[in-house]
Structure formats: C-alpha cells, structure tokens
$ cat entry-v4.txt   # compact mmCIF, C-alpha atoms
# COMPACT_ATOMS: atom_id res chain seq x y z
CA MET A 132 -106.81 -219.01 -14.17
CA ASN A 133 -109.17 -219.81 -17.04
CA ASP A 134 -112.73 -218.61 -16.36
CA GLU A 135 -114.14 -221.37 -18.57
CA LYS A 136 -112.87 -223.97 -16.11
CA MET A 137 -114.25 -222.17 -13.07
CA GLY A 138 -117.40 -223.60 -11.57
CA SER A 139 -120.30 -221.22 -11.17
CA ALA A 140 -120.37 -221.82 -7.43
CA SER A 141 -118.49 -219.67 -5.00
CA GLY A 142 -118.67 -219.02 -1.31
CA VAL A 143 -117.03 -217.23 1.55
CA VAL A 144 -114.80 -218.09 4.51
CA ILE A 145 -116.60 -217.31 7.77
CA ALA A 146 -113.93 -218.57 10.21
CA VAL A 147 -110.37 -219.93 10.27
CA SER A 148 -109.00 -222.11 13.06
CA LYS A 149 -105.92 -224.05 14.11
CA SER A 150 -104.39 -225.90 17.05
CA ASP A 151 -100.75 -226.78 17.59
CA LYS A 152 -101.84 -229.80 19.68
CA HIS A 153 -103.85 -232.88 18.72
CA THR A 154 -107.06 -231.51 20.22
CA PHE A 155 -110.50 -232.18 18.82
CA SER A 156 -111.50 -228.52 18.61
CA LYS A 157 -109.38 -225.76 17.09
CA GLU A 158 -109.13 -222.13 18.16
CA ASN A 159 -110.54 -219.40 15.90
CA CYS A 160 -107.87 -217.04 14.56
CA ASN A 161 -107.74 -213.73 12.69
CA SER A 162 -105.99 -215.57 9.84
CA ILE A 163 -104.21 -218.81 9.00
CA LYS A 164 -101.31 -219.38 6.64
CA LEU A 165 -101.54 -222.30 4.23
CA LEU A 166 -98.15 -223.74 3.27
CA LYS A 167 -97.75 -225.51 -0.08
CA GLY A 168 -97.53 -229.27 0.34
CA LEU A 169 -97.77 -229.07 4.14
CA GLY A 170 -101.04 -227.61 5.45
CA VAL A 171 -101.81 -224.95 8.06
CA GLU A 172 -98.79 -223.28 9.64
CA GLY A 173 -98.82 -223.91 13.41
CA ASP A 174 -101.41 -226.71 13.20
CA ALA A 175 -100.74 -230.18 14.61
CA HIS A 176 -101.66 -231.76 11.25
CA LEU A 177 -99.00 -229.84 9.29
CA GLY A 178 -96.76 -232.08 7.22
CA LYS A 179 -96.14 -234.01 4.00
CA THR A 180 -96.92 -237.32 5.72
CA VAL A 181 -99.94 -238.23 7.87
CA LYS A 182 -100.27 -236.61 11.29
CA HIS A 183 -103.57 -238.10 12.47
CA ARG A 184 -102.52 -240.44 15.27
CA SER A 185 -104.45 -243.49 14.05
CA ARG A 186 -102.97 -243.10 10.56
CA VAL A 187 -99.44 -242.63 11.91
CA ALA A 188 -99.83 -245.84 13.94
CA ALA A 189 -100.88 -247.74 10.80
CA ASN A 190 -98.21 -246.30 8.49
CA PRO A 191 -96.33 -243.06 9.30
CA ASN A 192 -95.07 -242.74 5.70
CA GLN A 193 -98.51 -242.28 4.09
CA PRO A 194 -98.94 -238.98 2.24
CA ASN A 195 -100.94 -236.42 4.20
CA LEU A 196 -104.19 -236.06 2.24
CA ARG A 197 -105.77 -234.36 5.27
CA GLN A 198 -103.72 -231.15 5.48
CA VAL A 199 -106.70 -228.76 5.61
CA HIS A 200 -110.16 -229.63 6.98
CA LEU A 201 -113.19 -227.65 5.80
CA ILE A 202 -116.74 -227.66 7.16
CA HIS A 203 -119.71 -225.78 5.72
CA SER A 204 -121.42 -223.48 8.22
CA GLU A 205 -124.75 -224.79 6.98
CA LEU A 206 -123.97 -228.01 8.90
CA LEU A 207 -123.39 -225.99 12.07
CA ASP A 208 -126.74 -224.25 11.45
CA GLU A 209 -128.39 -227.67 11.06
CA LEU A 210 -126.91 -228.84 14.37
CA LYS A 211 -127.37 -225.67 16.44
CA ASP A 212 -130.70 -226.57 18.07
CA ARG A 213 -129.37 -229.86 19.41
CA PHE A 214 -125.64 -229.28 19.86
CA ASN A 215 -124.74 -225.57 19.61
CA VAL A 216 -121.45 -226.19 17.81
CA ALA A 217 -119.38 -223.14 16.84
CA ALA A 218 -116.86 -222.73 14.01
CA GLY A 219 -113.63 -224.61 14.74
CA GLN A 220 -115.13 -226.82 17.43
CA MET A 221 -115.43 -229.84 15.11
CA GLY A 222 -111.73 -229.59 14.25
CA GLU A 223 -111.97 -227.74 10.96
CA ASN A 224 -109.40 -225.22 9.78
CA ILE A 225 -111.75 -223.35 7.44
CA THR A 226 -115.48 -222.84 7.92
CA THR A 227 -117.27 -221.85 4.71
CA LYS A 228 -120.68 -220.52 3.75
CA GLY A 229 -122.47 -220.90 0.45
CA ILE A 230 -120.65 -223.98 -0.87
CA ASP A 231 -122.04 -227.50 -0.80
CA LEU A 232 -118.66 -228.97 0.10
CA LEU A 233 -119.96 -232.53 0.26
CA GLU A 234 -121.10 -232.41 -3.38
CA LEU A 235 -117.75 -231.28 -4.77
CA PRO A 236 -116.01 -233.89 -6.90
CA LYS A 237 -112.62 -235.25 -5.88
CA ASP A 238 -109.74 -233.07 -7.09
CA SER A 239 -111.83 -229.86 -7.18
CA LEU A 240 -109.63 -226.79 -6.68
CA LEU A 241 -110.62 -224.09 -4.21
CA TYR A 242 -109.02 -220.68 -4.71
CA ILE A 243 -109.19 -218.89 -1.36
CA GLY A 244 -108.37 -215.24 -0.83
CA GLU A 245 -105.50 -213.72 -2.78
CA THR A 246 -103.18 -216.68 -3.45
CA ALA A 247 -104.12 -219.87 -1.58
CA VAL A 248 -105.19 -222.90 -3.62
CA ILE A 249 -106.24 -226.23 -2.14
CA LYS A 250 -107.25 -229.50 -3.80
CA VAL A 251 -110.10 -231.55 -2.36
CA THR A 252 -108.98 -235.09 -1.51
CA GLY A 253 -112.05 -236.60 0.17
CA LEU A 254 -114.55 -236.74 2.99
CA ARG A 255 -113.77 -236.51 6.65
CA ASN A 256 -114.54 -239.77 8.39
CA PRO A 257 -115.84 -238.81 11.85
CA CYS A 258 -114.41 -240.85 14.71
CA ALA A 259 -115.38 -241.56 18.33
CA GLN A 260 -113.86 -238.26 19.46
CA ILE A 261 -116.87 -236.49 18.03
CA ASP A 262 -119.15 -238.16 20.61
CA GLN A 263 -116.64 -237.41 23.36
CA PHE A 264 -116.96 -233.74 22.38
CA LYS A 265 -120.79 -233.81 22.35
CA SER A 266 -122.71 -237.01 23.02
CA GLY A 267 -124.86 -238.00 20.05
CA LEU A 268 -123.03 -235.74 17.57
CA MET A 269 -121.65 -238.72 15.62
CA ASN A 270 -125.15 -239.85 14.65
CA ALA A 271 -126.07 -236.27 13.72
CA VAL A 272 -123.20 -236.02 11.19
CA LEU A 273 -123.88 -239.42 9.64
CA ASP A 274 -126.88 -240.32 7.53
CA ARG A 275 -128.03 -242.92 5.00
CA ASP A 276 -129.21 -242.40 1.44
CA GLN A 277 -132.21 -244.21 -0.07
CA GLN A 278 -130.01 -247.20 -0.94
CA GLY A 279 -128.68 -247.40 2.62
CA ASN A 280 -125.22 -246.03 1.78
CA LEU A 281 -123.48 -244.08 4.53
CA ILE A 282 -123.39 -240.29 4.10
CA ARG A 283 -120.60 -238.48 5.95
CA LYS A 284 -121.54 -234.84 6.62
CA ALA A 285 -118.60 -233.73 8.83
CA GLY A 286 -116.68 -231.87 6.13
CA ILE A 287 -113.97 -232.46 3.59
CA LYS A 288 -110.19 -232.78 3.55
CA SER A 289 -107.72 -231.19 1.17
CA ILE A 290 -104.07 -230.56 0.38
CA VAL A 291 -102.38 -227.20 -0.21
CA LEU A 292 -101.25 -226.56 -3.80
CA GLU A 293 -100.37 -222.86 -3.38
CA SER A 294 -99.46 -221.05 -0.17
CA GLY A 295 -101.38 -218.06 1.10
CA GLU A 296 -103.01 -216.28 4.01
CA VAL A 297 -106.69 -217.02 4.59
CA TYR A 298 -108.98 -214.63 6.45
CA PRO A 299 -112.65 -214.66 7.45
CA GLY A 300 -114.48 -212.86 4.66
CA ASP A 301 -112.24 -214.22 1.89
CA GLN A 302 -114.00 -215.41 -1.24
CA VAL A 303 -113.72 -219.08 -2.23
CA ARG A 304 -113.81 -219.79 -5.96
CA ILE A 305 -114.27 -223.33 -7.25
CA GLN A 306 -112.63 -224.97 -10.24
CA LEU A 307 -114.08 -228.37 -11.04
CA PRO A 308 -111.76 -231.11 -12.34
CA PRO A 309 -112.10 -232.48 -15.87
CA LEU A 310 -114.97 -234.88 -16.54
CA PRO A 311 -115.81 -237.53 -15.55
CA HIS A 312 -116.06 -236.34 -11.96
CA ALA A 313 -115.20 -238.77 -9.17
CA PRO A 314 -117.37 -238.57 -6.04
CA LEU A 315 -115.73 -237.89 -2.70
CA GLU A 316 -114.81 -240.90 -0.58
CA ARG A 317 -113.45 -240.97 2.96
CA VAL A 318 -109.75 -240.20 3.37
$ encode --input "entry-v4.txt" --output "structure tokens"
Amino acid sequence: MNDEKMGSASGVVIAVSKSDKHTFSKENCNSIKLLKGLGVEGDAHLGKTVKHRSRVAANPNQPNLRQVHLIHSELLDELKDRFNVAAGQMGENITTKGIDLLELPKDSLLYIGETAVIKVTGLRNPCAQIDQFKSGLMNAVLDRDQQGNLIRKAGIKSIVLESGEVYPGDQVRIQLPPLPHAPLERV
C-alpha cells in the first residue's frame, strides 16, 4: 500500500455485529469475518447479489453494493439522550470511532485490521423499520442542509475487496480515491 495515497484520517473499530436473519438489529460479536465479494460471513446480507428484501423484490440480480454496513459511534453519541441506541442496534456490521464516514468520497478504501479491505459504495437510506425499532428515530437520522437537500446520517454501505477478520480495537486506515472525488449517494 502506497503511503502517498493514504488519507491522513484513521479511526478504530469499536464493535462488530451480524445477524443470520433479516432482523433490524444485529448482535455484537467478538469478531466478524469479511469474505471477498460477498460480505460478512454468517450475516443475512451475505452474497454477490442484493439481499435486502425490497431490492430482491425489485430485481434479485442486482449486484450487492450493501455487503457491509458501517455507522460512526459519534452518531450513537448524538442520539443517546433521546434514543439510547447501542452498537449493532441500527443494523450495522461495523461501528467506528474517529472517522467522519458520511464525508468519505465514493470508492474510498478502508483497510481494517490485518487484511480486510472494503470499498465505500454509498449512503444507507433509512427505511420505516427504523421507526419501528424506536419511534422518531427516522427523523433523528435525517436532516436538511442549507439548500434543503436531504442528509442521510444512518451510516454507509460498502463491498469487500479483501477478506479478513475484524475485531473491536482494530485500526481503520483510509485511502481516498483519485480526484475528482464523487460524493456519497444512497445505495
């Protein structure tokens, strides 16, 4: 890996989670295994093609751009007074600290732990399940900028480029894509 291409930002994994069923929340684990081209071993969203039920209904042959879901713990901190949401409860596989995930450009690479590499594909688009989990949470993870554009704060999605085990405490190193950077859009 070329240090010149590495972004100056880095962070840490504070929790890893998975669920073998299509549940909203995922269970915290001691580690998760990322599988190249597939996602999180043992997770319901594992696969080359889409696994989210609404996407499967629309077209089951779409590529799975949502293999690994990340949320920054700073969002959980922001929500704690009103909602008391813990790591994994909003459906993320990896909870990070110290990275402004929402500001990463599309196609950023995240090197996690010893060998895992994921590529950022876009923003999570929160759905009605979020309000079924905690009433009012949908509005708390959506905002508007000064021009009235919707801001989605519920994390990012990615695909696995290199397999590897991920543990709480692992460092996350960021490699930005070549310029010009494309902003994240919902996937």
$ closest_residue --input "entry-v4.txt" --among "A:Leu235, A:Ala175, A:Ile243, A:Ile290" --to "Ala313 (chain A)" --atoms "all atoms listed in the file"
A:Leu235
$ axis_aligned_box --input "entry-v4.txt" --around "region 194-212 of chain A" --padding-each-side "6 Å" --output "JSON"
{"center_x": -114.8, "center_y": -231.2, "center_z": 10.2, "size_x": 43.8, "size_y": 27.5, "size_z": 27.8}
$ closest_atom_pairs --input "entry-v4.txt" --of "region 246-306 of chain A" --to "region 146-158 of chain A" --cutoff "7 Å" --atoms "all atoms listed in the file" --output "tab-separated table"
residue	atom	partner	partner_atom	distance
A:Gln260	CA	A:Phe155	CA	7.0
A:Tyr298	CA	A:Val147	CA	6.7
A:Pro299	CA	A:Ala146	CA	5.0
$ closest_residue --input "entry-v4.txt" --among "A:Val291, A:Lys228, A:Ala285, A:Leu315" --to "Ala271 (chain A)" --atoms "only C-alpha atoms"
A:Ala285
$ residues_around --input "entry-v4.txt" --residues "region 196-211 of chain A" --least-positions-apart "2" --cutoff "7 Å" --atoms "all atoms listed in the file" --output "number ranges by chain"
A: 169-171, 176-177, 194, 213-217, 223-228, 230, 232, 252, 285-290
$ atom_distance --input "entry-v4.txt" --atom1 "CA of Ser266 (chain A)" --atom2 "CA of Asn280 (chain A)"
23.2 Å
$ atom_distance --input "entry-v4.txt" --atom1 "CA of Leu233 (chain A)" --atom2 "CA of Leu292 (chain A)"
20.1 Å
$ atom_distance --input "entry-v4.txt" --atom1 "CA of Cys160 (chain A)" --atom2 "CA of Ser294 (chain A)"
17.4 Å
$ residues_near_point --input "entry-v4.txt" --point "(-99.0, -240.6, 6.9)" --cutoff "6 Å" --atoms "all atoms listed in the file" --output "number ranges by chain"
A: 180-181, 186-187, 190-195
$ closest_residue --input "entry-v4.txt" --among "A:Arg184, A:Lys167, A:Lys179, A:Arg317" --to "Arg283 (chain A)" --atoms "only C-alpha atoms"
A:Arg317
$ residues_near_point --input "entry-v4.txt" --point "(-111.2, -225.2, -7.0)" --cutoff "6 Å" --atoms "all atoms listed in the file" --output "MDAnalysis selection string"
chainID A and resid 239:242 305:307
